[in-house]
Structure formats: C-alpha cells, structure tokens
Amino acid sequence: MAVKRSVTIVLQAVVVLLGIGVLIALLWEPHVEGRNVHATLFEMYFNDPFLAYVYLGSLLFFVGLYKAFKMLGYAGTQRVFSQAAVNALRTINYCALMTACAIVVADVYLMFAARSSGEDAAGAVALGIVAGFGSIVVAAAATLFARVLQSAVAIQSENELTV
Amino acid sequence: MNIPSPRQASTLFLKLVLILIGGSVLAFCAYFFPYVWVGATKEWPISAYVLYPGLICIFATIIPFLFALLQAFRLLQYIDRNHAFSEPSILALRTITFCAVAMSVLYWMGMPLVFALADLDDAPGGVLIGAAFASAPLVVATFAAVLQKLVRSALALKIEQDFTI
C-alpha cells in the first residue's frame with residue numbers, strides 16, 4: 001500500500017525547484033548588491049572569504065534537499081518502512097542543524113563587521129534569524145519523523161519474523 | 001517531574017513553534033485588518049466589487065490556517081502518547097489536507113484583487129508572486145496526503161501484529 005508515484009513526484013519536483021531557486025539566488029546575489037557589485041566575475045566569486053564561507057555553509061543544505069528527494073522516492077515504493085528511510089531522515093536532521101549553525105555564525109560575523117565599518121546589517125541579520133529558525137524547525141520535524149518511522153520499521157520487522 | 005525524552009523534547013519544541021506561528025499570524029491579522037479595510041479605498045482606486053470580496057477572501061484564509069495548526073498540534077499530542085499510528089491521526093492529517101486546499105481556493109478567489117493591484121502599480125510580477133503564494137498550500141496538502149497514506153499503512157501493519165500476538 002505505497003503512496004501513489006505521481007503524488008511523490010509532485011513533491012520531488014517541489015524539492016528540485018526549491019534547490020534550483022536557492023542556487024540561483026546564491027549565485028546571483030553578489031551581482032545585485034554589496035561590496036562585489038563592481039568586481040570582475042573572477043574577483044566576485046573567488047576573492048571574497050565571506051562569500052566562500054556562505055557557499056561552503058550552504059553545501060549541507062543541498063545535501064539535506066537531496067536526502068529529502070530520496071526520502072520521497074522511498075515513500076513512493078514499498079521501501080518506506082526501512083532503515084534506509086530512517087537514516088535519510090536522520091541525515092536531514094543533521095544537515096538542517098548544521099545549516100542553522102552556519103547561518104548563526106554568518107550572522108554573528110555580519111553584526112561585528114557592520115559595527116566596525118559603521119554600516120547597517122539589520123536586514124541581513126533578520127533574514128538570517130528567520131532562515132536559522134526555519135532550519136531548526138525542519139531539524140526538529142525530521143527527528144520526530146525519524147523516531148515515528150523507526151517504530152513503524154520495528155513493527156514491520158517483528159511482523160516478518162512471526163510470519 | 002521526569003526528564004523529557006528526546007522525542008518529547010522535539011514535540012514540545014514543535015508545539016511551541018505552532019503556538020508562536022498561530023499567535024503571531026492572529027495578532028498580525030487582528031492589527032492590520034481594520035487599517036486595510038478602512039484605508040484601502042483611499043489608497044487604491046479599485047472598484048469596491050473587486051476590493052472587498054478580495055480582502056475578505058485573503059483574510060478569511062486565517063480560519064482554515066488556524067484550524068490546520070490545531071490539527072497539527074493534536075497530531076503532536078498523539079505522537080507524545082504513542083498513538084501516532086491511529087485513526088485520529090489519520091483524521092487530523094486528512095483535515096490538514098482539506099484546510100490547505102481551502103486556503104489555496106480562498107487565495108485564488110482573492111486573485112482578482114491581486115490582478116487589480118498589479119495593474120495599478122504596473123508590476124505584472126506581482127501576479128506571479130500572488131500565484132506562488134496561492135499555490136504554496138497545495139504543497140502542504142500533498143505532503144499531508146502522503147503522510148496520511150503512510151500512517152494508514154503503518155496502522156495496517158500494527159493491526160496485523162496485534163492479531164498475530
């Protein structure tokens with residue numbers, strides 16, 4: 001009694017769209033504002049430690065999205081109640097927590113950098129707080145799903161042993 | 001008092017998040033609705049036949065939204081009591097699906113107002129953003145439907161187990 005494949009494909013498409021959207025936003029943002037607007041393309045992407053940190057820190061976000069994509073793939077087959085699915089959820093939890101940490105560190109850096117240069121970073125910091133909070137909520141939901149799923153896996157394996 | 005298990009800690013956190021989201025959305029609507037309702041005719045020269053039904057539709061989405069939050073809260077309570085795989089949680093998930101679809105329908109019914117506003121500001125992108133907002137609840141509806149199916153099959157497994165023992 002697996003979930004219909006078409007339904008999970010819709011959700012997988014949403015995950016892919018989200019990933020592409022975030023990737024485009026990350027790559028496009030330095031062109032729009034900030035200290036790199038007038039830099040050449042090479043300087044823009046390879047000469048700014050903070051930007052490098054942001055790209056590095058967002059890697060785990062994409063790993064989490066990939067795991068969510070795989071998880072939805074499991075939901076469309078008979079393999080939902082499997083250890084692999086539980087592990088995928090645990091990885092999502094870990095990725096979300098690490099993304100939140102990366103965002104908090106970036107926020108702290110922004111606050112100190114803004115103070116020393118006398119600029120206003122309130123908007124960027126507020127955006128970071130919202131995104132970090134969102135990541136923590138996702139992490140908590142993923143842990144909860146993992147635990148609930150784990151009990152379903154236990155029930156299923158017990159059933160297979162008795163039969 | 002017992003120290004909460006990790007599972008209870010995460011449900012407690014998620015419950016607090018639900019209360020925070022529900023409370024802030026309710027406060028936002030209660031605070032801004034009177035201003036928008038009274039000031040809209042002065043700010044936007046839009047036909048009242050488009051303006052007021054649109055405003056009602058868009059602000060009315062708070063009703064299915066809060067109801068869906070309540071169902072999510074109940075779901076967390078079932079998980080706390082080890083009743084995650086039960087008929088009540090299937091019902092809660094189904095209600096969340098209905099609420100999300102209702103939100104999307106209400107938003108789409110309010111879209112003429114968004115069209116009029118985008119036309120007024122000469123910003124056709126506004127329609128696209130409005131459509132994205134109006135479709136976002138459908139993602140939630142699909143997700144809740146998937147969870148409902150999974151809980152149903154887990155419940156079937158559990159019943160099977162109860163019979164064998």
# chains A, B, ... in the order shown; residues from 1 in each chain; ligands from 1
>>> closest_atom_pairs(of="segment 86-161 of chain A", to="segment 142-163 of chain B", cutoff="12 Å", atoms="only C-alpha atoms", output="tab-separated table")
residue	atom	partner	partner_atom	distance
A:Phe145	CA	B:Leu147	CA	10.0
A:Val148	CA	B:Val151	CA	9.8
A:Leu149	CA	B:Ala154	CA	8.9
A:Gln150	CA	B:Ala154	CA	11.0
A:Ser151	CA	B:Ala154	CA	9.4
A:Ala152	CA	B:Ala154	CA	6.0
A:Val153	CA	B:Ala154	CA	8.8
A:Ala154	CA	B:Lys158	CA	10.1
A:Ile155	CA	B:Lys158	CA	6.4
A:Gln156	CA	B:Leu157	CA	6.4
A:Ser157	CA	B:Leu157	CA	9.9
A:Glu158	CA	B:Gln161	CA	7.8
A:Asn159	CA	B:Gln161	CA	5.9
A:Glu160	CA	B:Gln161	CA	9.6
A:Leu161	CA	B:Gln161	CA	10.6
>>> write_last_selection(atoms="N, CA and C atoms", output="tab-separated table (two decimals), in the first residue's frame")
chain	number	residue	atom	x	y	z
A	145	PHE	N	9.95	12.69	12.80
A	145	PHE	CA	9.58	11.74	11.75
A	145	PHE	C	10.46	10.50	11.83
A	148	VAL	N	9.27	8.30	14.75
A	148	VAL	CA	7.99	7.65	14.46
A	148	VAL	C	8.19	6.56	13.42
A	149	LEU	N	8.98	6.88	12.40
A	149	LEU	CA	9.24	5.90	11.33
A	149	LEU	C	9.98	4.69	11.89
A	150	GLN	N	10.91	4.96	12.83
A	150	GLN	CA	11.66	3.86	13.43
A	150	GLN	C	10.72	2.86	14.10
A	151	SER	N	9.69	3.37	14.77
A	151	SER	CA	8.77	2.44	15.43
A	151	SER	C	7.98	1.64	14.40
A	152	ALA	N	7.65	2.28	13.26
A	152	ALA	CA	6.96	1.55	12.20
A	152	ALA	C	7.86	0.45	11.63
A	153	VAL	N	9.15	0.76	11.48
A	153	VAL	CA	10.11	-0.24	10.99
A	153	VAL	C	10.17	-1.42	11.96
A	154	ALA	N	10.16	-1.09	13.26
A	154	ALA	CA	10.22	-2.15	14.28
A	154	ALA	C	8.99	-3.06	14.16
A	155	ILE	N	7.81	-2.45	14.00
A	155	ILE	CA	6.59	-3.24	13.88
A	155	ILE	C	6.68	-4.16	12.67
A	156	GLN	N	7.15	-3.59	11.54
A	156	GLN	CA	7.19	-4.38	10.32
A	156	GLN	C	8.15	-5.56	10.43
A	157	SER	N	9.33	-5.30	11.01
A	157	SER	CA	10.31	-6.39	11.08
A	157	SER	C	9.81	-7.48	12.03
A	158	GLU	N	9.10	-7.07	13.09
A	158	GLU	CA	8.53	-8.06	14.00
A	158	GLU	C	7.51	-8.92	13.28
A	159	ASN	N	6.67	-8.26	12.46
A	159	ASN	CA	5.67	-8.99	11.68
A	159	ASN	C	6.33	-10.02	10.78
A	160	GLU	N	7.43	-9.60	10.13
A	160	GLU	CA	8.08	-10.51	9.19
A	160	GLU	C	8.68	-11.70	9.92
A	161	LEU	N	9.11	-11.47	11.16
A	161	LEU	CA	9.69	-12.57	11.93
A	161	LEU	C	8.61	-13.58	12.31
>>> closest_atom_pairs(of="chain A", to="chain B", cutoff="12 Å", atoms="only C-alpha atoms", output="tab-separated table")
residue	atom	partner	partner_atom	distance
A:Met1	CA	B:Ser153	CA	6.3
A:Ala2	CA	B:Leu150	CA	7.5
A:Val3	CA	B:Lys149	CA	6.1
A:Lys4	CA	B:Val146	CA	8.4
A:Arg5	CA	B:Val146	CA	10.3
A:Ser6	CA	B:Thr142	CA	10.6
A:Val7	CA	B:Thr142	CA	6.9
A:Thr8	CA	B:Val146	CA	7.5
A:Ile9	CA	B:Thr142	CA	10.5
A:Val10	CA	B:Thr142	CA	8.1
A:Leu11	CA	B:Val139	CA	7.0
A:Gln12	CA	B:Val139	CA	10.5
A:Ala13	CA	B:Val139	CA	10.4
A:Val14	CA	B:Val139	CA	7.7
A:Val15	CA	B:Val139	CA	10.2
A:Leu18	CA	B:Ala136	CA	11.9
A:Met71	CA	B:Val146	CA	11.8
A:Leu72	CA	B:Val146	CA	9.2
A:Gly73	CA	B:Val146	CA	11.7
A:Tyr74	CA	B:Leu150	CA	11.1
A:Ala75	CA	B:Leu150	CA	7.8
A:Gly76	CA	B:Val146	CA	9.0
A:Thr77	CA	B:Leu150	CA	10.9
A:Gln78	CA	B:Ser153	CA	10.3
A:Arg79	CA	B:Leu150	CA	11.2
A:Val80	CA	B:Leu150	CA	8.1
A:Phe81	CA	B:Ala154	CA	8.3
A:Ser82	CA	B:Ala154	CA	11.9
A:Asn93	CA	B:Ser10	CA	11.5
A:Phe133	CA	B:Val17	CA	9.7
A:Gly134	CA	B:Val17	CA	10.0
A:Ile136	CA	B:Phe13	CA	9.8
A:Val137	CA	B:Leu14	CA	7.0
A:Val138	CA	B:Leu14	CA	9.5
A:Ala139	CA	B:Ser10	CA	9.1
A:Ala140	CA	B:Ser10	CA	5.5
A:Ala141	CA	B:Leu14	CA	7.3
A:Ala142	CA	B:Ser10	CA	9.5
A:Thr143	CA	B:Ser10	CA	7.4
A:Leu144	CA	B:Arg7	CA	6.4
A:Phe145	CA	B:Arg7	CA	9.8
A:Ala146	CA	B:Arg7	CA	9.9
A:Arg147	CA	B:Arg7	CA	7.3
A:Val148	CA	B:Ala84	CA	7.2
A:Leu149	CA	B:Ala154	CA	8.9
A:Gln150	CA	B:Ala154	CA	11.0
A:Ser151	CA	B:Ala154	CA	9.4
A:Ala152	CA	B:Ala154	CA	6.0
A:Val153	CA	B:Ala154	CA	8.8
A:Ala154	CA	B:Lys158	CA	10.1
A:Ile155	CA	B:Lys158	CA	6.4
A:Gln156	CA	B:Leu157	CA	6.4
A:Ser157	CA	B:Leu157	CA	9.9
A:Glu158	CA	B:Gln161	CA	7.8
A:Asn159	CA	B:Gln161	CA	5.9
A:Glu160	CA	B:Gln161	CA	9.6
A:Leu161	CA	B:Gln161	CA	10.6
A:Thr162	CA	B:Thr164	CA	7.6
A:Val163	CA	B:Thr164	CA	8.6
>>> write_last_selection(atoms="C-alpha atoms", output="mmCIF file, in the first residue's frame")
data_model
loop_
_atom_site.group_PDB
_atom_site.id
_atom_site.type_symbol
_atom_site.label_atom_id
_atom_site.label_comp_id
_atom_site.auth_asym_id
_atom_site.auth_seq_id
_atom_site.Cartn_x
_atom_site.Cartn_y
_atom_site.Cartn_z
ATOM 1 C CA MET A 1 0.000 0.000 0.000
ATOM 2 C CA ALA A 2 2.532 2.550 -1.136
ATOM 3 C CA VAL A 3 1.798 6.181 -1.845
ATOM 4 C CA LYS A 4 0.940 6.935 -5.470
ATOM 5 C CA ARG A 5 4.044 7.580 -7.524
ATOM 6 C CA SER A 6 2.531 10.677 -9.158
ATOM 7 C CA VAL A 7 1.959 12.340 -5.780
ATOM 8 C CA THR A 8 5.537 11.836 -4.611
ATOM 9 C CA ILE A 9 6.832 13.022 -7.994
ATOM 10 C CA VAL A 10 4.993 16.323 -7.463
ATOM 11 C CA LEU A 11 6.737 16.740 -4.095
ATOM 12 C CA GLN A 12 10.081 15.738 -5.599
ATOM 13 C CA ALA A 13 9.560 18.405 -8.271
ATOM 14 C CA VAL A 14 8.946 20.973 -5.496
ATOM 15 C CA VAL A 15 12.202 19.932 -3.801
ATOM 16 C CA LEU A 18 13.473 24.837 -4.267
ATOM 17 C CA MET A 71 13.109 10.030 1.088
ATOM 18 C CA LEU A 72 10.167 10.958 -1.152
ATOM 19 C CA GLY A 73 11.393 8.308 -3.565
ATOM 20 C CA TYR A 74 11.164 5.707 -0.778
ATOM 21 C CA ALA A 75 7.643 6.917 0.065
ATOM 22 C CA GLY A 76 6.577 6.043 -3.493
ATOM 23 C CA THR A 77 7.722 2.423 -3.150
ATOM 24 C CA GLN A 78 7.365 -0.396 -0.644
ATOM 25 C CA ARG A 79 10.643 0.601 0.999
ATOM 26 C CA VAL A 80 9.190 3.360 3.196
ATOM 27 C CA PHE A 81 9.429 1.427 6.431
ATOM 28 C CA SER A 82 13.117 0.668 6.061
ATOM 29 C CA ASN A 93 18.104 16.450 10.768
ATOM 30 C CA PHE A 133 14.813 29.399 12.925
ATOM 31 C CA GLY A 134 13.294 27.675 9.885
ATOM 32 C CA ILE A 136 15.859 24.372 13.414
ATOM 33 C CA VAL A 137 12.132 23.701 12.934
ATOM 34 C CA VAL A 138 12.930 21.421 9.984
ATOM 35 C CA ALA A 139 15.541 19.635 12.127
ATOM 36 C CA ALA A 140 13.026 19.037 14.943
ATOM 37 C CA ALA A 141 10.386 17.771 12.488
ATOM 38 C CA ALA A 142 12.932 15.442 10.842
ATOM 39 C CA THR A 143 13.962 13.971 14.228
ATOM 40 C CA LEU A 144 10.336 13.399 15.117
ATOM 41 C CA PHE A 145 9.576 11.736 11.753
ATOM 42 C CA ALA A 146 12.685 9.576 12.146
ATOM 43 C CA ARG A 147 11.556 8.341 15.562
ATOM 44 C CA VAL A 148 7.988 7.650 14.463
ATOM 45 C CA LEU A 149 9.241 5.903 11.333
ATOM 46 C CA GLN A 150 11.662 3.858 13.430
ATOM 47 C CA SER A 151 8.767 2.436 15.434
ATOM 48 C CA ALA A 152 6.960 1.545 12.203
ATOM 49 C CA VAL A 153 10.108 -0.241 10.986
ATOM 50 C CA ALA A 154 10.216 -2.149 14.281
ATOM 51 C CA ILE A 155 6.587 -3.245 13.880
ATOM 52 C CA GLN A 156 7.188 -4.375 10.318
ATOM 53 C CA SER A 157 10.306 -6.390 11.084
ATOM 54 C CA GLU A 158 8.534 -8.055 14.002
ATOM 55 C CA ASN A 159 5.669 -8.992 11.684
ATOM 56 C CA GLU A 160 8.081 -10.507 9.192
ATOM 57 C CA LEU A 161 9.687 -12.565 11.929
ATOM 58 C CA THR A 162 6.383 -14.009 13.137
ATOM 59 C CA VAL A 163 5.156 -14.864 9.623
#
>>> residues_around(residues="segment 123-127 of chain B", least_positions_apart="6", cutoff="9 Å", atoms="only C-alpha atoms", output="list of chain:residue names")
B:Met111, B:Val114, B:Phe115, B:Leu117
>>> residues_around(residues="Phe46 of chain A", least_positions_apart="5", cutoff="12 Å", atoms="only C-alpha atoms", output="JSON, numbers by chain")
{"A": [30, 36, 39, 40, 41, 51, 52, 53, 55]}
>>> residues_around(residues="Ala131 of chain A", least_positions_apart="4", cutoff="12 Å", atoms="only C-alpha atoms", output="PDB file with C-alpha atoms, in the first residue's frame")
ATOM      1  CA  SER A  58      25.095  26.056   2.150  1.00  0.00           C
ATOM      2  CA  PHE A  61      21.520  22.438   2.826  1.00  0.00           C
ATOM      3  CA  ALA A  96      19.370  21.214   8.972  1.00  0.00           C
ATOM      4  CA  LEU A  97      21.157  21.672  12.316  1.00  0.00           C
ATOM      5  CA  THR A  99      22.855  24.805   8.229  1.00  0.00           C
ATOM      6  CA  ALA A 100      21.361  26.617  11.217  1.00  0.00           C
ATOM      7  CA  CYS A 101      24.807  26.753  12.876  1.00  0.00           C
ATOM      8  CA  ALA A 102      26.394  28.088   9.677  1.00  0.00           C
ATOM      9  CA  ILE A 103      23.725  30.798   9.475  1.00  0.00           C
ATOM     10  CA  VAL A 104      24.219  31.802  13.125  1.00  0.00           C
ATOM     11  CA  ALA A 106      27.438  34.221   9.492  1.00  0.00           C
ATOM     12  CA  ASP A 107      25.004  36.436  11.432  1.00  0.00           C
ATOM     13  CA  ALA A 124      20.663  40.697   6.577  1.00  0.00           C
ATOM     14  CA  VAL A 125      20.790  39.650  10.235  1.00  0.00           C
ATOM     15  CA  ALA A 126      16.991  39.472  10.452  1.00  0.00           C
ATOM     16  CA  LEU A 127      16.905  37.324   7.301  1.00  0.00           C
ATOM     17  CA  SER A 135      16.233  25.252   9.738  1.00  0.00           C
ATOM     18  CA  ILE A 136      15.859  24.372  13.414  1.00  0.00           C
ATOM     19  CA  VAL A 137      12.132  23.701  12.934  1.00  0.00           C
ATOM     20  CA  VAL A 138      12.930  21.421   9.984  1.00  0.00           C
TER      21      VAL A 138
END
>>> residues_around(residues="segment 68-75 of chain B", least_positions_apart="5", cutoff="8 Å", atoms="only C-alpha atoms", output="list in words")
Lys15, Leu18, Gly22, Ala84, Ser89, Ala92, Leu93, Thr95, Ile96, Cys99 and Ala100 of chain B
>>> closest_residue(among="A:Ser116, A:Ala84, A:Phe62, A:Gly123", to="Gly21 of chain A", atoms="only C-alpha atoms")
A:Phe62
>>> closest_residue(among="B:Ile56, B:Leu20, B:Met109, B:Leu66", to="Pro34 of chain B", atoms="only C-alpha atoms")
B:Ile56
